[in-house]
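J.: Sending over a structure as structure tokens; questions will come in a sec.
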Amino acid sequence: MKKTILGAATALSLLVSAPAFAHFQLVYTPEVNLEKPAEVPFKLIFWHPFENGHAMDMGQPLEFYYIHKGKKTDLMDSLKPMTFKAPHNESKAFESVVKVRRNGDYIFVLNPAPYYEKSEDIYIQQITKSYLNKGGIPTGWNEAQNLPTEIVPLNKPTNILAGSTFSGVLLSDGKPVAGAEIEIEYLAAAPEMDTNKAGPATAEPMPGGAVVAITDANGVFTFGIPKAGFWGFAALGSGPAKEHEGKELSQDAVIWVRAYDVKAPAQ
């Protein structure tokens with residue numbers, strides 16, 4: 001679960017050998033483009049979503065909020081514990097309902113409690129960003145949020161075109177990170193909002209291990225999006241914090257984006 005540093009790298013997508021089936025923190029709602037005011041449900045789940053696999057117990061989050069037009073709205077009081085039913089186990093997770101009224105971008109940020117991974121004897125903390133837009137009006141989706149570590153999108157994260165590319169820049173303490181390994185995950189089985197269980201899988205993990213991209217000298221990576229749906233990107237160990245309760249901490253940056261197929265107009 002450690003970041004790999006390469007002396008010189010270019011911004012291109014790669015398939016390389018790496019640990020498969022990465023942990024990925026979800027901040028999920030099925031519809032990220034709204035036309036009307038709504039009460040938006042969210043599921044916060046720590047999972048292996050590409051393989052539709054094992055889910056991990058979440059502790060009480062340290063922070064959960066959104067940024068809209070530069071203003072922070074705390075959402076901790078909206079969180080409720082729930083049980084998520086993965087195909088082979090159940091895990092402690094959280095859910096929330098958020099009122100969205102005004103037009104523009106909503107940048108959701110989850111700072112979870114560190115999770116102890118017994119098999120590796122380390123803690124994992126995945127600081128996660130997810131995006132929602134109302135009215136199709138951009139109001140800051142490409143802005144950094146001054147997190148310990150984060151991926152700043154260089155393409156609008158709520159309407160990526162399937163078959164095009166997504167680029168982001170990895171920051172740690174506000175500075176670009178060169179030569180960092182970015183693990184890439186597809187949400188193959190979306191959580192069912194009513195039942196809190198994993199839905200049917202629409203894809204399976206690729207052969208050869210994790211899908212990986214490498215940041216260039218400016219901290220930028222690019223990945224070709226082959227399929228519509230939600231895609232997650234995680235920079236493992238990119239954060240400045242390296243220890244928690246006397247053990248190694250992998251403080252990761254995670255971002256989720258939504259891709260769509262280009263469709264013909266209705267007849």
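Identifiers in this document derive from the order of the structure tokens: chains are assigned A, B, ..., residues are numbered from 1 separately in each chain, and ligands are numbered from 1 in order of occurrence.
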Please, which residues in region 66-164 of chain A fall within 12 Å of region 38-47 of chain A when counting only C-alpha atoms, and what is the closest atom pair and distance in Å to one decimal for each, ordered by chain then residue number, as JSON lines?
T.:
```
{"residue": "A:Leu75", "atom": "CA", "partner": "A:Phe42", "partner_atom": "CA", "distance": 11.2}
{"residue": "A:Ser78", "atom": "CA", "partner": "A:Phe42", "partner_atom": "CA", "distance": 10.1}
{"residue": "A:Leu79", "atom": "CA", "partner": "A:Leu44", "partner_atom": "CA", "distance": 9.2}
{"residue": "A:Lys80", "atom": "CA", "partner": "A:Lys43", "partner_atom": "CA", "distance": 9.8}
{"residue": "A:Pro81", "atom": "CA", "partner": "A:Leu44", "partner_atom": "CA", "distance": 9.5}
{"residue": "A:Met82", "atom": "CA", "partner": "A:Lys43", "partner_atom": "CA", "distance": 9.0}
{"residue": "A:Thr83", "atom": "CA", "partner": "A:Ile45", "partner_atom": "CA", "distance": 9.3}
{"residue": "A:Phe84", "atom": "CA", "partner": "A:Ile45", "partner_atom": "CA", "distance": 7.3}
{"residue": "A:Lys85", "atom": "CA", "partner": "A:Ile45", "partner_atom": "CA", "distance": 10.2}
{"residue": "A:Ala86", "atom": "CA", "partner": "A:Trp47", "partner_atom": "CA", "distance": 8.3}
{"residue": "A:Pro87", "atom": "CA", "partner": "A:Trp47", "partner_atom": "CA", "distance": 11.1}
{"residue": "A:His88", "atom": "CA", "partner": "A:Trp47", "partner_atom": "CA", "distance": 11.6}
{"residue": "A:Asn89", "atom": "CA", "partner": "A:Trp47", "partner_atom": "CA", "distance": 10.7}
{"residue": "A:Glu90", "atom": "CA", "partner": "A:Trp47", "partner_atom": "CA", "distance": 10.4}
{"residue": "A:Ser91", "atom": "CA", "partner": "A:Ile45", "partner_atom": "CA", "distance": 8.3}
{"residue": "A:Lys92", "atom": "CA", "partner": "A:Ile45", "partner_atom": "CA", "distance": 8.0}
{"residue": "A:Ala93", "atom": "CA", "partner": "A:Ile45", "partner_atom": "CA", "distance": 5.2}
{"residue": "A:Phe94", "atom": "CA", "partner": "A:Leu44", "partner_atom": "CA", "distance": 5.0}
{"residue": "A:Glu95", "atom": "CA", "partner": "A:Lys43", "partner_atom": "CA", "distance": 4.5}
{"residue": "A:Ser96", "atom": "CA", "partner": "A:Phe42", "partner_atom": "CA", "distance": 5.1}
{"residue": "A:Val97", "atom": "CA", "partner": "A:Pro41", "partner_atom": "CA", "distance": 4.4}
{"residue": "A:Val98", "atom": "CA", "partner": "A:Val40", "partner_atom": "CA", "distance": 5.0}
{"residue": "A:Lys99", "atom": "CA", "partner": "A:Glu39", "partner_atom": "CA", "distance": 4.4}
{"residue": "A:Val100", "atom": "CA", "partner": "A:Ala38", "partner_atom": "CA", "distance": 5.5}
{"residue": "A:Arg101", "atom": "CA", "partner": "A:Ala38", "partner_atom": "CA", "distance": 6.7}
{"residue": "A:Arg102", "atom": "CA", "partner": "A:Ala38", "partner_atom": "CA", "distance": 10.0}
{"residue": "A:Asn103", "atom": "CA", "partner": "A:Ala38", "partner_atom": "CA", "distance": 11.4}
{"residue": "A:Tyr106", "atom": "CA", "partner": "A:Val40", "partner_atom": "CA", "distance": 11.6}
{"residue": "A:Phe108", "atom": "CA", "partner": "A:Phe42", "partner_atom": "CA", "distance": 10.3}
{"residue": "A:Val109", "atom": "CA", "partner": "A:Leu44", "partner_atom": "CA", "distance": 11.0}
{"residue": "A:Leu110", "atom": "CA", "partner": "A:Leu44", "partner_atom": "CA", "distance": 8.6}
{"residue": "A:Asn111", "atom": "CA", "partner": "A:Leu44", "partner_atom": "CA", "distance": 11.0}
{"residue": "A:Pro112", "atom": "CA", "partner": "A:Leu44", "partner_atom": "CA", "distance": 9.6}
{"residue": "A:Ala113", "atom": "CA", "partner": "A:Phe46", "partner_atom": "CA", "distance": 11.1}
{"residue": "A:Pro114", "atom": "CA", "partner": "A:Phe46", "partner_atom": "CA", "distance": 11.3}
{"residue": "A:Tyr115", "atom": "CA", "partner": "A:Phe46", "partner_atom": "CA", "distance": 9.4}
{"residue": "A:Ile124", "atom": "CA", "partner": "A:Phe46", "partner_atom": "CA", "distance": 10.7}
{"residue": "A:Gln125", "atom": "CA", "partner": "A:Phe46", "partner_atom": "CA", "distance": 10.4}
{"residue": "A:Gln126", "atom": "CA", "partner": "A:Phe46", "partner_atom": "CA", "distance": 9.2}
{"residue": "A:Ile127", "atom": "CA", "partner": "A:Phe46", "partner_atom": "CA", "distance": 11.6}
{"residue": "A:Thr128", "atom": "CA", "partner": "A:Leu44", "partner_atom": "CA", "distance": 10.1}
{"residue": "A:Lys129", "atom": "CA", "partner": "A:Leu44", "partner_atom": "CA", "distance": 11.5}
{"residue": "A:Ser130", "atom": "CA", "partner": "A:Phe42", "partner_atom": "CA", "distance": 10.5}
{"residue": "A:Tyr131", "atom": "CA", "partner": "A:Phe42", "partner_atom": "CA", "distance": 11.5}
{"residue": "A:Leu132", "atom": "CA", "partner": "A:Val40", "partner_atom": "CA", "distance": 9.8}
{"residue": "A:Asn133", "atom": "CA", "partner": "A:Val40", "partner_atom": "CA", "distance": 11.5}
{"residue": "A:Lys134", "atom": "CA", "partner": "A:Ala38", "partner_atom": "CA", "distance": 9.5}
{"residue": "A:Gly135", "atom": "CA", "partner": "A:Ala38", "partner_atom": "CA", "distance": 11.8}
```
J.: Sorted by chain and rising residue number, which residues of region 34-108 of chain A lie within 6 Å of region 172-195 of chain A, and what are their closest atom pairs and distances in Å to one decimal, counting only C-alpha atoms, as a tab-separated table?
T.:
```
residue	atom	partner	partner_atom	distance
A:Pro49	CA	A:Leu187	CA	5.2
A:Phe50	CA	A:Ala188	CA	5.0
A:Asn52	CA	A:Ala189	CA	6.0
```
J.: With a distance cut-off of 12 Å and only C-alpha atoms, select the neighbouring residues of Gly104 (chain A), excluding the residue or stretch itself and same-chain residues fewer than 6 positions from it, and output the selection as a list in words.
T.: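 Returned residues: Val32, Asn33, Leu34, Glu35, Lys36, Pro37, Ile67, His68, Lys69, Gly70, Tyr131, Leu132, Asn133, Lys134, Gly135, Gly136, Ile137, Pro138, Thr139, Gly140, Trp141 and Thr158 of chain A.
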J.: Just write the chosen residues, N, CA and C atoms, as a CSV table (one decimal), in the first residue's frame.
T.:
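What landed in selection_13.csv:
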```csv
chain,number,residue,atom,x,y,z
A,32,VAL,N,-25.3,12.6,-10.4
A,32,VAL,CA,-24.4,13.7,-10.0
A,32,VAL,C,-24.7,15.0,-10.8
A,33,ASN,N,-25.7,14.9,-11.7
A,33,ASN,CA,-26.1,16.1,-12.5
A,33,ASN,C,-27.6,16.4,-12.2
A,34,LEU,N,-27.9,17.4,-11.5
A,34,LEU,CA,-29.3,17.7,-11.1
A,34,LEU,C,-29.8,18.9,-11.9
A,35,GLU,N,-31.1,18.8,-12.3
A,35,GLU,CA,-31.8,19.9,-12.9
A,35,GLU,C,-32.6,20.7,-11.9
A,36,LYS,N,-33.1,20.1,-10.9
A,36,LYS,CA,-34.0,20.7,-9.9
A,36,LYS,C,-33.5,20.5,-8.5
A,37,PRO,N,-33.9,21.3,-7.6
A,37,PRO,CA,-33.5,21.1,-6.2
A,37,PRO,C,-33.9,19.7,-5.7
A,67,ILE,N,-18.1,21.8,-0.4
A,67,ILE,CA,-17.8,23.2,-0.7
A,67,ILE,C,-18.6,23.6,-1.9
A,68,HIS,N,-19.3,24.8,-1.8
A,68,HIS,CA,-20.1,25.3,-2.9
A,68,HIS,C,-19.8,26.8,-3.0
A,69,LYS,N,-19.3,27.2,-4.1
A,69,LYS,CA,-18.9,28.6,-4.4
A,69,LYS,C,-18.0,29.1,-3.3
A,70,GLY,N,-17.0,28.3,-2.8
A,70,GLY,CA,-16.1,28.6,-1.8
A,70,GLY,C,-16.5,28.6,-0.4
A,131,TYR,N,-18.1,14.6,-6.6
A,131,TYR,CA,-18.6,15.9,-7.2
A,131,TYR,C,-20.1,15.7,-7.6
A,132,LEU,N,-20.8,16.8,-7.5
A,132,LEU,CA,-22.2,16.9,-7.9
A,132,LEU,C,-22.4,18.3,-8.5
A,133,ASN,N,-23.2,18.4,-9.5
A,133,ASN,CA,-23.5,19.7,-10.1
A,133,ASN,C,-25.0,19.9,-10.3
A,134,LYS,N,-25.5,21.1,-10.1
A,134,LYS,CA,-26.9,21.5,-10.3
A,134,LYS,C,-26.9,22.6,-11.4
A,135,GLY,N,-27.8,22.3,-12.4
A,135,GLY,CA,-28.0,23.4,-13.4
A,135,GLY,C,-27.0,23.5,-14.5
A,136,GLY,N,-26.0,22.6,-14.5
A,136,GLY,CA,-25.0,22.7,-15.5
A,136,GLY,C,-24.1,23.9,-15.5
A,137,ILE,N,-24.0,24.6,-14.4
A,137,ILE,CA,-23.2,25.8,-14.3
A,137,ILE,C,-22.0,25.5,-13.5
A,138,PRO,N,-20.8,25.7,-14.1
A,138,PRO,CA,-19.5,25.4,-13.3
A,138,PRO,C,-19.2,26.5,-12.4
A,139,THR,N,-18.8,26.1,-11.1
A,139,THR,CA,-18.5,27.1,-10.1
A,139,THR,C,-17.3,26.7,-9.2
A,140,GLY,N,-16.3,26.0,-9.8
A,140,GLY,CA,-15.1,25.7,-9.0
A,140,GLY,C,-14.7,24.3,-9.0
A,141,TRP,N,-15.2,23.4,-9.9
A,141,TRP,CA,-14.8,22.0,-9.8
A,141,TRP,C,-13.3,21.8,-9.9
A,158,THR,N,-18.0,15.7,-13.5
A,158,THR,CA,-19.4,15.2,-13.5
A,158,THR,C,-19.9,14.8,-14.9
```
J.: For Pro30 (chain A), which residue among A:Gly168, A:Pro240, A:Gly208, A:Gly229 is the nearest when counting only C-alpha atoms?
T.: A:Gly229
J.: Show me, as a list in words, the residues that have an atom within 8 Å of Ala228 (chain A) when counting only C-alpha atoms, minus same-chain residues fewer than 3 positions from it.
T.: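 Once the adjacent positions are removed, what remains is Leu161, Ala162, Ile225, Arg258, Ala259, Tyr260 and Asp261 of chain A.
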J.: For those residues, write C-alpha atoms to a file as a PDB file, in the first residue's frame.
T.:
```pdb
ATOM      1  CA  LEU A 161     -17.118  11.366 -22.139  1.00  0.00           C
ATOM      2  CA  ALA A 162     -16.614   7.598 -22.315  1.00  0.00           C
ATOM      3  CA  ILE A 225     -11.931   6.292 -19.877  1.00  0.00           C
ATOM      4  CA  ARG A 258     -18.673  10.138 -13.670  1.00  0.00           C
ATOM      5  CA  ALA A 259     -18.420   9.173 -17.357  1.00  0.00           C
ATOM      6  CA  TYR A 260     -21.279   8.977 -19.870  1.00  0.00           C
ATOM      7  CA  ASP A 261     -21.742   7.461 -23.302  1.00  0.00           C
TER       8      ASP A 261
END
```
J.: When you look at Ala241 (chain A) with a cut-off of 9 Å (counting only C-alpha atoms), what residues show up, excluding the ones that are within fewer than 5 positions of it in the same chain? I need them as an mmCIF file with N, CA and C atoms, in the first residue's frame.
T.:
```cif
data_model
loop_
_atom_site.group_PDB
_atom_site.id
_atom_site.type_symbol
_atom_site.label_atom_id
_atom_site.label_comp_id
_atom_site.auth_asym_id
_atom_site.auth_seq_id
_atom_site.Cartn_x
_atom_site.Cartn_y
_atom_site.Cartn_z
ATOM 1 N N PRO A 148 -4.779 17.741 3.006
ATOM 2 C CA PRO A 148 -3.405 17.248 3.162
ATOM 3 C C PRO A 148 -2.873 16.629 1.880
ATOM 4 N N LEU A 249 1.095 4.631 8.442
ATOM 5 C CA LEU A 249 -0.160 5.141 7.897
ATOM 6 C C LEU A 249 0.010 5.415 6.412
ATOM 7 N N SER A 250 -0.883 4.851 5.618
ATOM 8 C CA SER A 250 -0.983 5.219 4.208
ATOM 9 C C SER A 250 -2.110 6.231 4.076
ATOM 10 N N GLN A 251 -1.726 7.513 3.953
ATOM 11 C CA GLN A 251 -2.712 8.581 3.805
ATOM 12 C C GLN A 251 -2.884 8.854 2.309
#
```
